[in-house]
>>> print(open('coords-v5.pdb').read())   # PDB, C-alpha atoms
ATOM      1  CA  MET A   1       0.000   0.000   0.000  1.00  0.00           C
ATOM      2  CA  ARG A   2       1.239   3.499  -0.834  1.00  0.00           C
ATOM      3  CA  LYS A   3       2.133   5.895   1.930  1.00  0.00           C
ATOM      4  CA  ALA A   4       1.102   8.972  -0.049  1.00  0.00           C
ATOM      5  CA  LYS A   5      -0.938   9.606  -3.148  1.00  0.00           C
ATOM      6  CA  PRO A   6       1.041  10.481  -6.286  1.00  0.00           C
ATOM      7  CA  LYS A   7       0.963  14.096  -7.415  1.00  0.00           C
ATOM      8  CA  LYS A   8      -1.339  15.061 -10.241  1.00  0.00           C
ATOM      9  CA  ARG A   9       0.553  15.749 -13.443  1.00  0.00           C
ATOM     10  CA  VAL A  10      -0.102  19.039 -15.166  1.00  0.00           C
ATOM     11  CA  ILE A  11      -0.978  18.697 -18.838  1.00  0.00           C
ATOM     12  CA  LEU A  12       0.583  21.490 -20.855  1.00  0.00           C
ATOM     13  CA  PRO A  13      -1.612  23.098 -23.534  1.00  0.00           C
ATOM     14  CA  ASP A  14      -0.818  22.526 -27.188  1.00  0.00           C
ATOM     15  CA  PRO A  15       1.256  25.172 -29.020  1.00  0.00           C
ATOM     16  CA  VAL A  16      -1.278  26.177 -31.709  1.00  0.00           C
ATOM     17  CA  TYR A  17      -4.683  26.363 -29.993  1.00  0.00           C
ATOM     18  CA  ASN A  18      -3.357  26.713 -26.419  1.00  0.00           C
ATOM     19  CA  ASP A  19      -5.897  24.148 -25.225  1.00  0.00           C
ATOM     20  CA  GLN A  20      -5.404  21.304 -22.761  1.00  0.00           C
ATOM     21  CA  LYS A  21      -8.125  19.150 -24.329  1.00  0.00           C
ATOM     22  CA  VAL A  22      -6.221  19.112 -27.618  1.00  0.00           C
ATOM     23  CA  SER A  23      -3.076  17.949 -25.817  1.00  0.00           C
ATOM     24  CA  LYS A  24      -5.025  15.219 -24.034  1.00  0.00           C
ATOM     25  CA  PHE A  25      -6.530  14.051 -27.337  1.00  0.00           C
ATOM     26  CA  VAL A  26      -3.125  14.007 -29.043  1.00  0.00           C
ATOM     27  CA  ASN A  27      -1.661  12.033 -26.140  1.00  0.00           C
ATOM     28  CA  HIS A  28      -4.344   9.378 -26.623  1.00  0.00           C
ATOM     29  CA  LEU A  29      -3.844   9.452 -30.390  1.00  0.00           C
ATOM     30  CA  MET A  30      -0.082   8.960 -30.014  1.00  0.00           C
ATOM     31  CA  TYR A  31       1.408   5.585 -30.929  1.00  0.00           C
ATOM     32  CA  ASP A  32       4.878   4.452 -29.777  1.00  0.00           C
ATOM     33  CA  GLY A  33       5.737   7.914 -28.436  1.00  0.00           C
ATOM     34  CA  LYS A  34       5.383   9.651 -31.808  1.00  0.00           C
ATOM     35  CA  LYS A  35       3.788  12.863 -30.529  1.00  0.00           C
ATOM     36  CA  ASN A  36       4.985  15.004 -33.422  1.00  0.00           C
ATOM     37  CA  ILE A  37       3.250  12.749 -35.955  1.00  0.00           C
ATOM     38  CA  SER A  38       0.097  12.772 -33.816  1.00  0.00           C
ATOM     39  CA  TYR A  39       0.081  16.577 -33.826  1.00  0.00           C
ATOM     40  CA  GLU A  40       0.473  16.581 -37.632  1.00  0.00           C
ATOM     41  CA  ILE A  41      -2.465  14.176 -38.036  1.00  0.00           C
ATOM     42  CA  PHE A  42      -4.639  16.232 -35.684  1.00  0.00           C
ATOM     43  CA  TYR A  43      -3.840  19.614 -37.256  1.00  0.00           C
ATOM     44  CA  ASP A  44      -4.355  18.251 -40.792  1.00  0.00           C
ATOM     45  CA  ALA A  45      -7.760  16.921 -39.743  1.00  0.00           C
ATOM     46  CA  ILE A  46      -8.713  20.271 -38.177  1.00  0.00           C
ATOM     47  CA  ASN A  47      -7.611  22.103 -41.361  1.00  0.00           C
ATOM     48  CA  THR A  48      -9.743  19.760 -43.469  1.00  0.00           C
ATOM     49  CA  VAL A  49     -12.766  20.371 -41.265  1.00  0.00           C
ATOM     50  CA  GLY A  50     -12.098  24.112 -41.376  1.00  0.00           C
ATOM     51  CA  GLU A  51     -12.048  24.093 -45.183  1.00  0.00           C
ATOM     52  CA  LYS A  52     -15.380  22.276 -45.322  1.00  0.00           C
ATOM     53  CA  MET A  53     -16.933  24.664 -42.772  1.00  0.00           C
ATOM     54  CA  LYS A  54     -15.884  27.975 -44.366  1.00  0.00           C
ATOM     55  CA  ASN A  55     -19.388  29.467 -44.176  1.00  0.00           C
ATOM     56  CA  GLU A  56     -20.031  28.382 -40.578  1.00  0.00           C
ATOM     57  CA  GLU A  57     -19.749  30.727 -37.603  1.00  0.00           C
ATOM     58  CA  LYS A  58     -18.077  28.149 -35.340  1.00  0.00           C
ATOM     59  CA  SER A  59     -14.382  27.341 -35.447  1.00  0.00           C
ATOM     60  CA  ALA A  60     -13.147  24.008 -36.755  1.00  0.00           C
ATOM     61  CA  LEU A  61     -11.921  23.075 -33.293  1.00  0.00           C
TER      62      LEU A  61
END
>>> encode(input="coords-v5.pdb", output="structure tokens")
Amino acid sequence: MRKAKPKKRVILPDPVYNDQKVSKFVNHLMYDGKKNISYEIFYDAINTVGEKMKNEEKSAL
């Protein structure tokens, strides 16, 4: 049994959108520690959605 509870880790926000949820999603998307590739996949997907939603008021995120 542990003597003390482990400290909560702070999740840093992503560099483009400055959002912690994006970082959490990318961390779950990551495979074999390839975070850079996961960010590329995520940002390409967001750009694709943004292009299809040009006339919408909401952001692609």
>>> resolve_selection(input="coords-v5.pdb", expression="the PyMOL selection byres ((chain A and resi 3-18) around 12)", output="ChimeraX atom specification")
/A:1-2,19-27,35-36,38-40,42-43,46,59-61
>>> axis_aligned_box(input="coords-v5.pdb", around="segment 47-55 of chain A", padding_each_side="8 Å", output="AutoDock Vina command-line options")
--center_x -13.5 --center_y 24.6 --center_z -43.3 --size_x 27.8 --size_y 25.7 --size_z 20.1
>>> atom_distance(input="coords-v5.pdb", atom1="atom CA of His28 of chain A", atom2="atom CA of Gly50 of chain A")
22.2 Å
>>> atom_distance(input="coords-v5.pdb", atom1="atom CA of Tyr31 of chain A", atom2="atom CA of Glu51 of chain A")
27.0 Å
>>> closest_residue(input="coords-v5.pdb", among="A:Lys52, A:Ile41, A:Asn47, A:Glu57", to="Leu29 of chain A", atoms="all atoms listed in the file")
A:Ile41
>>> build_atoms(input="coords-v5.pdb", residues="segment 46-57 of chain A", atoms="all heavy atoms", output="short mmCIF file (atom, residue, chain, number, x, y, z; two decimals), in the frame of the given file")
data_model
loop_
_atom_site.label_atom_id
_atom_site.label_comp_id
_atom_site.auth_asym_id
_atom_site.auth_seq_id
_atom_site.Cartn_x
_atom_site.Cartn_y
_atom_site.Cartn_z
N ILE A 46 -8.03 19.02 -38.52
CA ILE A 46 -8.71 20.27 -38.18
C ILE A 46 -8.73 21.22 -39.38
O ILE A 46 -9.73 21.90 -39.63
CB ILE A 46 -8.04 20.93 -36.96
CG1 ILE A 46 -8.28 20.10 -35.70
CG2 ILE A 46 -8.55 22.35 -36.74
CD1 ILE A 46 -9.71 20.00 -35.28
N ASN A 47 -7.64 21.26 -40.15
CA ASN A 47 -7.61 22.10 -41.36
C ASN A 47 -8.63 21.62 -42.39
O ASN A 47 -9.29 22.44 -43.05
CB ASN A 47 -6.21 22.12 -41.97
CG ASN A 47 -5.25 22.93 -41.13
OD1 ASN A 47 -5.65 23.79 -40.37
ND2 ASN A 47 -3.98 22.64 -41.28
N THR A 48 -8.77 20.32 -42.54
CA THR A 48 -9.74 19.76 -43.47
C THR A 48 -11.16 20.13 -43.05
O THR A 48 -11.98 20.54 -43.88
CB THR A 48 -9.60 18.23 -43.55
OG1 THR A 48 -8.26 17.91 -43.92
CG2 THR A 48 -10.56 17.64 -44.56
N VAL A 49 -11.45 20.01 -41.77
CA VAL A 49 -12.77 20.37 -41.26
C VAL A 49 -13.00 21.87 -41.45
O VAL A 49 -14.10 22.30 -41.82
CB VAL A 49 -12.90 19.97 -39.77
CG1 VAL A 49 -14.16 20.56 -39.16
CG2 VAL A 49 -12.90 18.46 -39.63
N GLY A 50 -11.98 22.67 -41.21
CA GLY A 50 -12.10 24.11 -41.38
C GLY A 50 -12.39 24.51 -42.82
O GLY A 50 -13.15 25.45 -43.07
N GLU A 51 -11.79 23.80 -43.77
CA GLU A 51 -12.05 24.09 -45.18
C GLU A 51 -13.48 23.74 -45.57
O GLU A 51 -14.10 24.43 -46.37
CB GLU A 51 -11.07 23.33 -46.06
CG GLU A 51 -9.65 23.85 -46.00
CD GLU A 51 -8.68 22.98 -46.76
OE1 GLU A 51 -9.11 21.99 -47.39
OE2 GLU A 51 -7.47 23.28 -46.71
N LYS A 52 -14.02 22.68 -45.01
CA LYS A 52 -15.38 22.28 -45.32
C LYS A 52 -16.42 23.15 -44.62
O LYS A 52 -17.57 23.19 -45.03
CB LYS A 52 -15.59 20.81 -44.94
CG LYS A 52 -14.81 19.87 -45.83
CD LYS A 52 -15.08 18.43 -45.52
CE LYS A 52 -14.30 17.53 -46.45
NZ LYS A 52 -14.57 16.11 -46.20
N MET A 53 -16.00 23.82 -43.55
CA MET A 53 -16.93 24.66 -42.77
C MET A 53 -16.63 26.15 -42.97
O MET A 53 -16.78 26.93 -42.04
CB MET A 53 -16.80 24.34 -41.28
CG MET A 53 -17.26 22.97 -40.87
SD MET A 53 -17.05 22.67 -39.12
CE MET A 53 -17.68 24.14 -38.37
N LYS A 54 -16.26 26.58 -44.15
CA LYS A 54 -15.88 27.98 -44.37
C LYS A 54 -17.02 28.94 -44.07
O LYS A 54 -16.81 30.02 -43.56
CB LYS A 54 -15.42 28.18 -45.81
CG LYS A 54 -14.04 27.67 -46.07
CD LYS A 54 -13.60 27.99 -47.46
CE LYS A 54 -12.20 27.47 -47.68
NZ LYS A 54 -11.71 27.74 -49.03
N ASN A 55 -18.25 28.56 -44.35
CA ASN A 55 -19.39 29.47 -44.18
C ASN A 55 -19.99 29.39 -42.77
O ASN A 55 -20.92 30.13 -42.48
CB ASN A 55 -20.47 29.15 -45.21
CG ASN A 55 -19.96 29.35 -46.63
OD1 ASN A 55 -19.09 30.17 -46.85
ND2 ASN A 55 -20.49 28.59 -47.56
N GLU A 56 -19.49 28.53 -41.93
CA GLU A 56 -20.03 28.38 -40.58
C GLU A 56 -19.45 29.43 -39.64
O GLU A 56 -18.36 29.93 -39.85
CB GLU A 56 -19.71 26.98 -40.04
CG GLU A 56 -20.30 25.85 -40.83
CD GLU A 56 -21.81 25.77 -40.72
OE1 GLU A 56 -22.34 26.06 -39.64
OE2 GLU A 56 -22.46 25.42 -41.72
N GLU A 57 -20.19 29.75 -38.59
CA GLU A 57 -19.75 30.73 -37.60
C GLU A 57 -18.76 30.11 -36.61
O GLU A 57 -17.89 30.78 -36.09
CB GLU A 57 -20.93 31.29 -36.83
CG GLU A 57 -21.87 32.10 -37.70
CD GLU A 57 -23.08 32.59 -36.92
OE1 GLU A 57 -23.12 32.36 -35.69
OE2 GLU A 57 -23.96 33.18 -37.54
#
